[in-house]
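Here is the structure we will look at.
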Amino acid sequence: MKKIYVVLSSGNSFPKRVYRALTDCRYDHVSVSFNENLPVMYSFAKSQLDVALVGGFVAEYPSRYIAEGGDIPVKVFAIEVKDEEYMRVRDVILRMMSHQQRYTYNVYDKALSVFGASFDIKRSYTDLSFVCRLLRLGDMKSIKELDFVLSPYLHYEGSMNDVISGVDDRHGADYFKKTHPARAALKTAVYTTKLLCRKVYETI
């Protein structure tokens with residue numbers, strides 16, 4: 001038997017604070033890790049700090065969170081699984097890492113989740129839908145619901161700084177690359193338009 005860790009986190013940025021207020025939940029993001037000290041986590045989120053809404057499958061390092069405000073609250077659940085299930089989850093992660101260009105971050109689904117609605121697009125996920133599908137947890141509509149369902153597996157709740165083994169700024173450096181505001185706005189517009197067109201194509 002091995003353990004997989006589900007991590008709920010509460011970011012410091014303004015959009016994340018707004019999201020928490022609208023969903024009445026202390027946490028705004030979900031990721032998974034294979035280590036209780038969270039040296040790396042996996043999820044769907046934006047790819048660059050300066051480029052809003054554009055994202056996909058990402059490997060998240062503690063520096064990604066610490067840079068936004070020094071520390072964040074986290075809630076970690078430890079789910080014990082059989083070795084074959086552990087390897088299945090690892091294989092999915094490795095496959096996505098090898099073909100990141102195939103997967104996109106579903107910003108429309110994330111936005112509509114505030115109202116309890118969804119906006120499914122093939123190979124496009126939110127952090128919540130990715131973790132639920134990866135671990136076969138069902139179709140949950142909110143992080144608050146996930147928090148409740150996983151409550152028997154609570155492993156740690158508190159400061160991220162108190163649980164991480166250390167922050168290596170060399171990891172995840174691409175996330176912090178500076179992008180000119182005009183270029184960032186263009187990338188966001190193109191990305192969201194393409195994502196919407198994919199949805200339209202799937203429905204006709």
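Scheme for the structure tokens: letters A, B, ... for chains in order shown; per-chain residue numbers from 1; ligand numbers from 1 in order shown.
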
Need the shell around Leu112 in chain A: protein/DNA/RNA residues with any atom at most 12 Å away, counting only C-alpha atoms. Skip same-chain ones fewer than 3 positions apart. Format as a compact mmCIF listing (two decimals) with N, CA and C atoms, in the first residue's frame?
# COMPACT_ATOMS: atom_id res chain seq x y z
N TYR A 19 -12.63 34.29 -5.81
CA TYR A 19 -13.19 32.95 -6.05
C TYR A 19 -13.63 32.31 -4.73
N LEU A 22 -16.86 33.92 -3.50
CA LEU A 22 -18.03 33.53 -4.28
C LEU A 22 -18.46 32.10 -4.02
N THR A 23 -17.51 31.24 -3.70
CA THR A 23 -17.83 29.82 -3.47
C THR A 23 -17.99 29.49 -1.99
N ASN A 106 -9.34 24.46 -18.46
CA ASN A 106 -10.70 24.84 -18.82
C ASN A 106 -11.17 26.03 -17.98
N VAL A 107 -10.85 27.22 -18.44
CA VAL A 107 -11.19 28.43 -17.69
C VAL A 107 -12.70 28.66 -17.61
N TYR A 108 -13.42 28.22 -18.64
CA TYR A 108 -14.87 28.39 -18.63
C TYR A 108 -15.52 27.51 -17.57
N ASP A 109 -15.04 26.30 -17.45
CA ASP A 109 -15.57 25.38 -16.43
C ASP A 109 -15.26 25.91 -15.03
N PHE A 115 -21.18 28.91 -9.96
CA PHE A 115 -22.64 28.82 -9.96
C PHE A 115 -23.13 27.37 -9.94
N GLY A 116 -22.21 26.44 -9.70
CA GLY A 116 -22.58 25.03 -9.66
C GLY A 116 -22.81 24.43 -11.03
N ALA A 117 -22.36 25.12 -12.09
CA ALA A 117 -22.54 24.63 -13.45
C ALA A 117 -21.21 24.11 -14.00
N SER A 118 -21.26 23.51 -15.19
CA SER A 118 -20.04 22.98 -15.79
C SER A 118 -19.99 23.31 -17.27
N PHE A 119 -18.80 23.14 -17.85
CA PHE A 119 -18.57 23.46 -19.27
C PHE A 119 -17.51 22.48 -19.78
N ASP A 120 -17.93 21.26 -20.06
CA ASP A 120 -16.99 20.19 -20.41
C ASP A 120 -16.41 20.36 -21.80
N THR A 126 -10.21 21.53 -15.19
CA THR A 126 -9.88 22.44 -14.10
C THR A 126 -9.07 21.62 -13.10
N LYS A 141 -18.76 18.99 -7.78
CA LYS A 141 -19.04 20.31 -8.32
C LYS A 141 -18.26 21.43 -7.64
N SER A 142 -17.65 21.14 -6.49
CA SER A 142 -16.96 22.20 -5.78
C SER A 142 -15.83 21.66 -4.93

**Request:** Name the residues in contact with Val131 in chain A at a cut-off of 12 Å, using only C-alpha atoms, excluding same-chain residues fewer than 5 positions from it; report them as JSON, numbers by chain.
**Result:** {"A": [4, 5, 6, 7, 8, 29, 30, 31, 32, 33, 41, 42, 43, 44, 45, 57, 89, 92, 93, 125, 126, 136, 137, 138, 139, 140, 142, 143, 146]}

**Asked** range 92-152 of chain A: which residues are strand (DSSP E or B) by DSSP, as a ChimeraX atom specification?
**Response** /A:104-105,121,124-125

**Asked** chain A: which residues are helix (DSSP H, G or I) by DSSP, as number ranges by chain?
**Response** A: 14-23, 62-66, 83-98, 100-102, 107-115, 127-134, 143-149, 151-153, 160-162, 173-176, 181-203

**Item:** Residue among A:Cys25, A:Val200, A:Ile121, A:Leu186 lying closest to Asp147 in chain A, counting only C-alpha atoms
**Value:**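 Distance minimum relative to Asp147 in chain A lands on A:Cys25.
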
**Request:** Mind checking which residues fall within 8 Å of Lys177 in chain A, counting only C-alpha atoms, ignoring those fewer than 6 positions away in the same chain, and posting them as a PyMOL selection string?
**Result:** chain A and resi 48-50

**Request:** Considering only C-alpha atoms, state which residue in the set A:Ala173, A:Leu150, A:Ala21, A:Ala59 is at the smallest distance from Gln100 in chain A.
**Result:** A:Ala59

**Asked** Nearest to His155 in chain A among A:Ala185, A:Ala78, A:Leu38, A:Met87, with distances taken over only C-alpha atoms: which residue is it?
**Response** A:Ala78

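Minimum distance to Asn12 in chain A across A:Val51, A:Lys194, A:Arg26, A:Tyr65 (counting only C-alpha atoms) occurs at A:Tyr65.
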
**Request:** Enter the distance from CA of Leu154 in chain A to CA of Ile79 in chain A, in Å, rounded to one decimal.
**Result:**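 CA of Leu154 in chain A sits 8.7 Å away from CA of Ile79 in chain A.
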
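Distance check against Asp91 in chain A using only C-alpha atoms: of A:Leu134, A:Val76, A:Ala184, A:Ala189, the minimum falls on A:Leu134.
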